[in-house]
$ cat input25.cif   # mmCIF, C-alpha atoms
data_upload
#
loop_
_atom_site.label_atom_id
_atom_site.label_comp_id
_atom_site.auth_asym_id
_atom_site.auth_seq_id
_atom_site.Cartn_x
_atom_site.Cartn_y
_atom_site.Cartn_z
CA MET B 70 -29.34 25.09 -39.99
CA GLY B 71 -25.69 24.48 -39.39
CA LYS B 72 -23.36 21.74 -40.45
CA LEU B 73 -24.59 18.15 -40.75
CA LYS B 74 -23.12 15.79 -38.17
CA PRO B 75 -21.04 12.73 -39.16
CA CYS B 76 -22.68 9.37 -39.81
CA ARG B 77 -23.70 7.65 -36.57
CA ILE B 78 -22.88 4.22 -38.05
CA CYS B 79 -19.46 4.65 -39.66
CA GLY B 80 -18.46 8.04 -38.24
CA GLY B 81 -17.76 9.28 -41.75
CA ASP B 82 -18.34 12.80 -43.00
CA ARG B 83 -19.40 11.88 -46.54
CA ILE B 84 -22.94 13.12 -45.88
CA VAL B 85 -25.04 14.11 -48.89
CA ILE B 86 -28.45 15.58 -49.50
CA GLU B 87 -30.38 13.95 -52.32
CA THR B 88 -33.34 15.77 -53.85
CA TRP B 89 -35.86 14.46 -56.36
CA LEU B 90 -39.35 15.17 -57.68
CA SER B 91 -42.24 12.90 -56.83
CA GLY B 92 -45.90 13.15 -57.76
CA GLY B 93 -46.49 15.42 -54.76
CA GLY B 94 -43.47 17.69 -55.17
CA VAL B 95 -39.86 17.82 -54.06
CA ILE B 96 -38.48 15.24 -51.62
CA HIS B 97 -35.16 15.55 -49.75
CA MET B 98 -33.08 12.86 -48.06
CA VAL B 99 -29.92 13.15 -45.95
CA LYS B 100 -27.70 10.06 -46.10
CA CYS B 101 -24.20 8.72 -45.65
CA ASN B 102 -22.44 8.40 -49.00
CA ASN B 103 -19.83 5.91 -47.79
CA PRO B 104 -20.35 2.79 -49.96
CA ASP B 105 -19.12 0.55 -47.12
CA CYS B 106 -21.65 1.93 -44.61
CA PRO B 107 -24.86 -0.10 -44.29
CA VAL B 108 -28.22 1.62 -44.59
CA PRO B 109 -29.77 2.00 -41.11
CA ASP B 110 -32.64 -0.38 -40.31
CA ASN B 111 -35.03 2.58 -40.09
CA GLY B 112 -33.72 4.22 -43.27
CA TYR B 113 -32.56 7.79 -43.75
CA PRO B 114 -34.41 11.01 -42.84
CA THR B 115 -36.65 11.99 -45.73
CA GLY B 116 -39.26 14.69 -46.26
CA ARG B 117 -40.44 17.76 -48.11
CA ASP B 118 -38.94 20.37 -45.75
CA LEU B 119 -35.15 20.31 -46.14
CA GLU B 120 -34.46 22.04 -42.82
CA ASN B 121 -36.59 19.49 -40.94
CA VAL B 122 -34.80 16.62 -42.68
CA LYS B 123 -31.40 18.09 -41.73
CA GLU B 124 -32.52 18.55 -38.13
CA GLU B 125 -33.74 14.95 -38.00
CA TRP B 126 -30.34 13.72 -39.28
CA ASN B 127 -28.53 15.65 -36.57
CA ARG B 128 -30.95 14.47 -33.83
CA ARG B 129 -30.43 10.83 -34.87
CA GLN B 130 -26.69 11.31 -34.47
CA ASP B 131 -27.16 12.56 -30.90
CA LYS B 132 -28.98 9.36 -29.89
CA LEU B 133 -25.76 7.31 -30.11
CA ASN B 134 -23.44 9.79 -28.37
#
$ encode --input "input25.cif" --output "structure tokens"
Amino acid sequence: MGKLKPCRICGGDRIVIETWLSGGGVIHMVKCNNPDCPVPDNGYPTGRDLENVKEEWNRRQDKLN
């Protein structure tokens, strides 16, 4: 997977990948790290497969272009 696209809300490039352990294993989330950017109504892409989560982030960005 290549580079993550900028935030579709603020256009910023402060994109981060958060990873944590849950009862079922590792969870990943791609999100905008700009404190002034509101969380999207449908949340951020989250899941167990990091590559799928990254791809979902980039697909969401395409929807507004």
$ atom_distance --input "input25.cif" --atom1 "atom CA of Ile96 of chain B" --atom2 "atom CA of Pro75 of chain B"
21.6 Å
$ closest_residue --input "input25.cif" --among "B:Lys72, B:Gly80, B:Asn121, B:Arg128" --to "Asp105 of chain B" --atoms "only C-alpha atoms"
B:Gly80
$ residues_around --input "input25.cif" --residues "Glu120 of chain B" --least-positions-apart "6" --cutoff "12 Å" --atoms "all atoms listed in the file" --output "short mmCIF file (atom, residue, chain, number, x, y, z; two decimals) with C-alpha atoms, in the frame of the given file"
data_model
loop_
_atom_site.label_atom_id
_atom_site.label_comp_id
_atom_site.auth_asym_id
_atom_site.auth_seq_id
_atom_site.Cartn_x
_atom_site.Cartn_y
_atom_site.Cartn_z
CA MET B 70 -29.34 25.09 -39.99
CA GLY B 71 -25.69 24.48 -39.39
CA LYS B 72 -23.36 21.74 -40.45
CA LEU B 73 -24.59 18.15 -40.75
CA ILE B 86 -28.45 15.58 -49.50
CA ILE B 96 -38.48 15.24 -51.62
CA HIS B 97 -35.16 15.55 -49.75
CA MET B 98 -33.08 12.86 -48.06
CA VAL B 99 -29.92 13.15 -45.95
CA PRO B 114 -34.41 11.01 -42.84
CA TRP B 126 -30.34 13.72 -39.28
CA ASN B 127 -28.53 15.65 -36.57
#
$ atom_distance --input "input25.cif" --atom1 "atom CA of Gly116 of chain B" --atom2 "atom CA of Pro104 of chain B"
22.6 Å
$ atom_distance --input "input25.cif" --atom1 "atom CA of Glu124 of chain B" --atom2 "atom CA of Lys100 of chain B"
12.6 Å
$ residues_around --input "input25.cif" --residues "Ile78 of chain B" --least-positions-apart "4" --cutoff "8 Å" --atoms "only C-alpha atoms" --output "JSON, numbers by chain"
{"B": [106, 107, 109]}
$ closest_residue --input "input25.cif" --among "B:Gly81, B:Val108, B:Cys76, B:Thr88" --to "Val122 of chain B" --atoms "only C-alpha atoms"
B:Thr88
$ axis_aligned_box --input "input25.cif" --around "segment 85-92 of chain B" --padding-each-side "6 Å" --output "AutoDock Vina command-line options"
--center_x -35.5 --center_y 14.3 --center_z -53.3 --size_x 32.9 --size_y 14.9 --size_z 20.9
$ closest_residue --input "input25.cif" --among "B:Asp118, B:Arg129, B:Arg77, B:Gly112" --to "Gly94 of chain B" --atoms "all atoms listed in the file"
B:Asp118
$ resolve_selection --input "input25.cif" --expression "the PyMOL selection byres ((chain B and resi 101) around 7)" --output "PyMOL selection string"
chain B and resi 76+83-85+100+102-103
$ decode --input "input25.cif" --residues "segment 72-105 of chain B" --atoms "N, CA and C atoms" --output "mmCIF file, in the first residue's frame"
data_model
loop_
_atom_site.group_PDB
_atom_site.id
_atom_site.type_symbol
_atom_site.label_atom_id
_atom_site.label_comp_id
_atom_site.auth_asym_id
_atom_site.auth_seq_id
_atom_site.Cartn_x
_atom_site.Cartn_y
_atom_site.Cartn_z
ATOM 1 N N LYS B 72 1.174 5.637 -0.123
ATOM 2 C CA LYS B 72 0.975 6.752 0.797
ATOM 3 C C LYS B 72 -0.509 6.966 1.102
ATOM 4 N N LEU B 73 -0.789 7.357 2.335
ATOM 5 C CA LEU B 73 -2.168 7.691 2.721
ATOM 6 C C LEU B 73 -2.523 9.069 2.181
ATOM 7 N N LYS B 74 -3.737 9.204 1.687
ATOM 8 C CA LYS B 74 -4.199 10.470 1.126
ATOM 9 C C LYS B 74 -4.519 11.457 2.244
ATOM 10 N N PRO B 75 -4.535 12.772 1.916
ATOM 11 C CA PRO B 75 -4.883 13.784 2.915
ATOM 12 C C PRO B 75 -6.311 13.602 3.428
ATOM 13 N N CYS B 76 -6.605 14.264 4.529
ATOM 14 C CA CYS B 76 -7.935 14.216 5.126
ATOM 15 C C CYS B 76 -8.957 14.814 4.169
ATOM 16 N N ARG B 77 -10.083 14.154 3.992
ATOM 17 C CA ARG B 77 -11.113 14.657 3.082
ATOM 18 C C ARG B 77 -11.902 15.808 3.695
ATOM 19 N N ILE B 78 -11.796 16.005 5.003
ATOM 20 C CA ILE B 78 -12.538 17.082 5.662
ATOM 21 C C ILE B 78 -11.726 18.372 5.701
ATOM 22 N N CYS B 79 -10.504 18.297 6.231
ATOM 23 C CA CYS B 79 -9.702 19.511 6.379
ATOM 24 C C CYS B 79 -8.607 19.642 5.325
ATOM 25 N N GLY B 80 -8.351 18.567 4.590
ATOM 26 C CA GLY B 80 -7.303 18.608 3.569
ATOM 27 C C GLY B 80 -5.904 18.441 4.134
ATOM 28 N N GLY B 81 -5.818 18.260 5.444
ATOM 29 C CA GLY B 81 -4.525 18.147 6.100
ATOM 30 C C GLY B 81 -3.836 16.817 5.851
ATOM 31 N N ASP B 82 -2.527 16.823 6.097
ATOM 32 C CA ASP B 82 -1.745 15.602 5.896
ATOM 33 C C ASP B 82 -1.240 15.011 7.215
ATOM 34 N N ARG B 83 -1.860 15.414 8.311
ATOM 35 C CA ARG B 83 -1.482 14.879 9.628
ATOM 36 C C ARG B 83 -2.265 13.585 9.889
ATOM 37 N N ILE B 84 -2.043 12.604 9.044
ATOM 38 C CA ILE B 84 -2.763 11.329 9.112
ATOM 39 C C ILE B 84 -1.940 10.354 9.938
ATOM 40 N N VAL B 85 -2.583 9.694 10.885
ATOM 41 C CA VAL B 85 -1.886 8.746 11.753
ATOM 42 C C VAL B 85 -2.597 7.395 11.739
ATOM 43 N N ILE B 86 -1.838 6.389 12.090
ATOM 44 C CA ILE B 86 -2.384 5.048 12.267
ATOM 45 C C ILE B 86 -2.269 4.721 13.749
ATOM 46 N N GLU B 87 -3.407 4.494 14.373
ATOM 47 C CA GLU B 87 -3.414 4.080 15.776
ATOM 48 C C GLU B 87 -3.623 2.571 15.830
ATOM 49 N N THR B 88 -2.938 1.929 16.739
ATOM 50 C CA THR B 88 -3.028 0.474 16.898
ATOM 51 C C THR B 88 -3.168 0.167 18.379
ATOM 52 N N TRP B 89 -4.085 -0.744 18.701
ATOM 53 C CA TRP B 89 -4.263 -1.145 20.099
ATOM 54 C C TRP B 89 -4.726 -2.598 20.166
ATOM 55 N N LEU B 90 -4.613 -3.171 21.342
ATOM 56 C CA LEU B 90 -5.055 -4.548 21.569
ATOM 57 C C LEU B 90 -6.462 -4.530 22.152
ATOM 58 N N SER B 91 -7.297 -5.404 21.628
ATOM 59 C CA SER B 91 -8.630 -5.602 22.197
ATOM 60 C C SER B 91 -8.727 -7.063 22.600
ATOM 61 N N GLY B 92 -9.851 -7.468 23.114
ATOM 62 C CA GLY B 92 -10.021 -8.859 23.535
ATOM 63 C C GLY B 92 -9.823 -9.850 22.398
ATOM 64 N N GLY B 93 -10.082 -9.415 21.165
ATOM 65 C CA GLY B 93 -9.966 -10.305 20.010
ATOM 66 C C GLY B 93 -8.675 -10.166 19.242
ATOM 67 N N GLY B 94 -7.781 -9.283 19.664
ATOM 68 C CA GLY B 94 -6.511 -9.104 18.964
ATOM 69 C C GLY B 94 -6.227 -7.642 18.678
ATOM 70 N N VAL B 95 -5.396 -7.422 17.675
ATOM 71 C CA VAL B 95 -4.947 -6.078 17.323
ATOM 72 C C VAL B 95 -5.989 -5.385 16.450
ATOM 73 N N ILE B 96 -6.223 -4.101 16.730
ATOM 74 C CA ILE B 96 -7.126 -3.268 15.948
ATOM 75 C C ILE B 96 -6.322 -2.063 15.442
ATOM 76 N N HIS B 97 -6.565 -1.665 14.188
ATOM 77 C CA HIS B 97 -5.908 -0.506 13.593
ATOM 78 C C HIS B 97 -6.964 0.522 13.215
ATOM 79 N N MET B 98 -6.579 1.805 13.267
ATOM 80 C CA MET B 98 -7.468 2.872 12.830
ATOM 81 C C MET B 98 -6.622 3.942 12.144
ATOM 82 N N VAL B 99 -7.095 4.413 10.985
ATOM 83 C CA VAL B 99 -6.458 5.535 10.301
ATOM 84 C C VAL B 99 -7.318 6.761 10.570
ATOM 85 N N LYS B 100 -6.679 7.863 10.990
ATOM 86 C CA LYS B 100 -7.449 9.060 11.318
ATOM 87 C C LYS B 100 -6.637 10.319 11.076
ATOM 88 N N CYS B 101 -7.361 11.427 10.998
ATOM 89 C CA CYS B 101 -6.735 12.743 10.894
ATOM 90 C C CYS B 101 -6.325 13.174 12.297
ATOM 91 N N ASN B 102 -5.108 13.648 12.434
ATOM 92 C CA ASN B 102 -4.596 14.041 13.743
ATOM 93 C C ASN B 102 -4.609 15.558 13.936
ATOM 94 N N ASN B 103 -5.369 16.262 13.097
ATOM 95 C CA ASN B 103 -5.519 17.705 13.238
ATOM 96 C C ASN B 103 -6.563 17.955 14.335
ATOM 97 N N PRO B 104 -6.196 18.591 15.443
ATOM 98 C CA PRO B 104 -7.144 18.778 16.540
ATOM 99 C C PRO B 104 -8.340 19.662 16.173
ATOM 100 N N ASP B 105 -8.223 20.459 15.122
ATOM 101 C CA ASP B 105 -9.321 21.321 14.691
ATOM 102 C C ASP B 105 -10.253 20.642 13.687
#
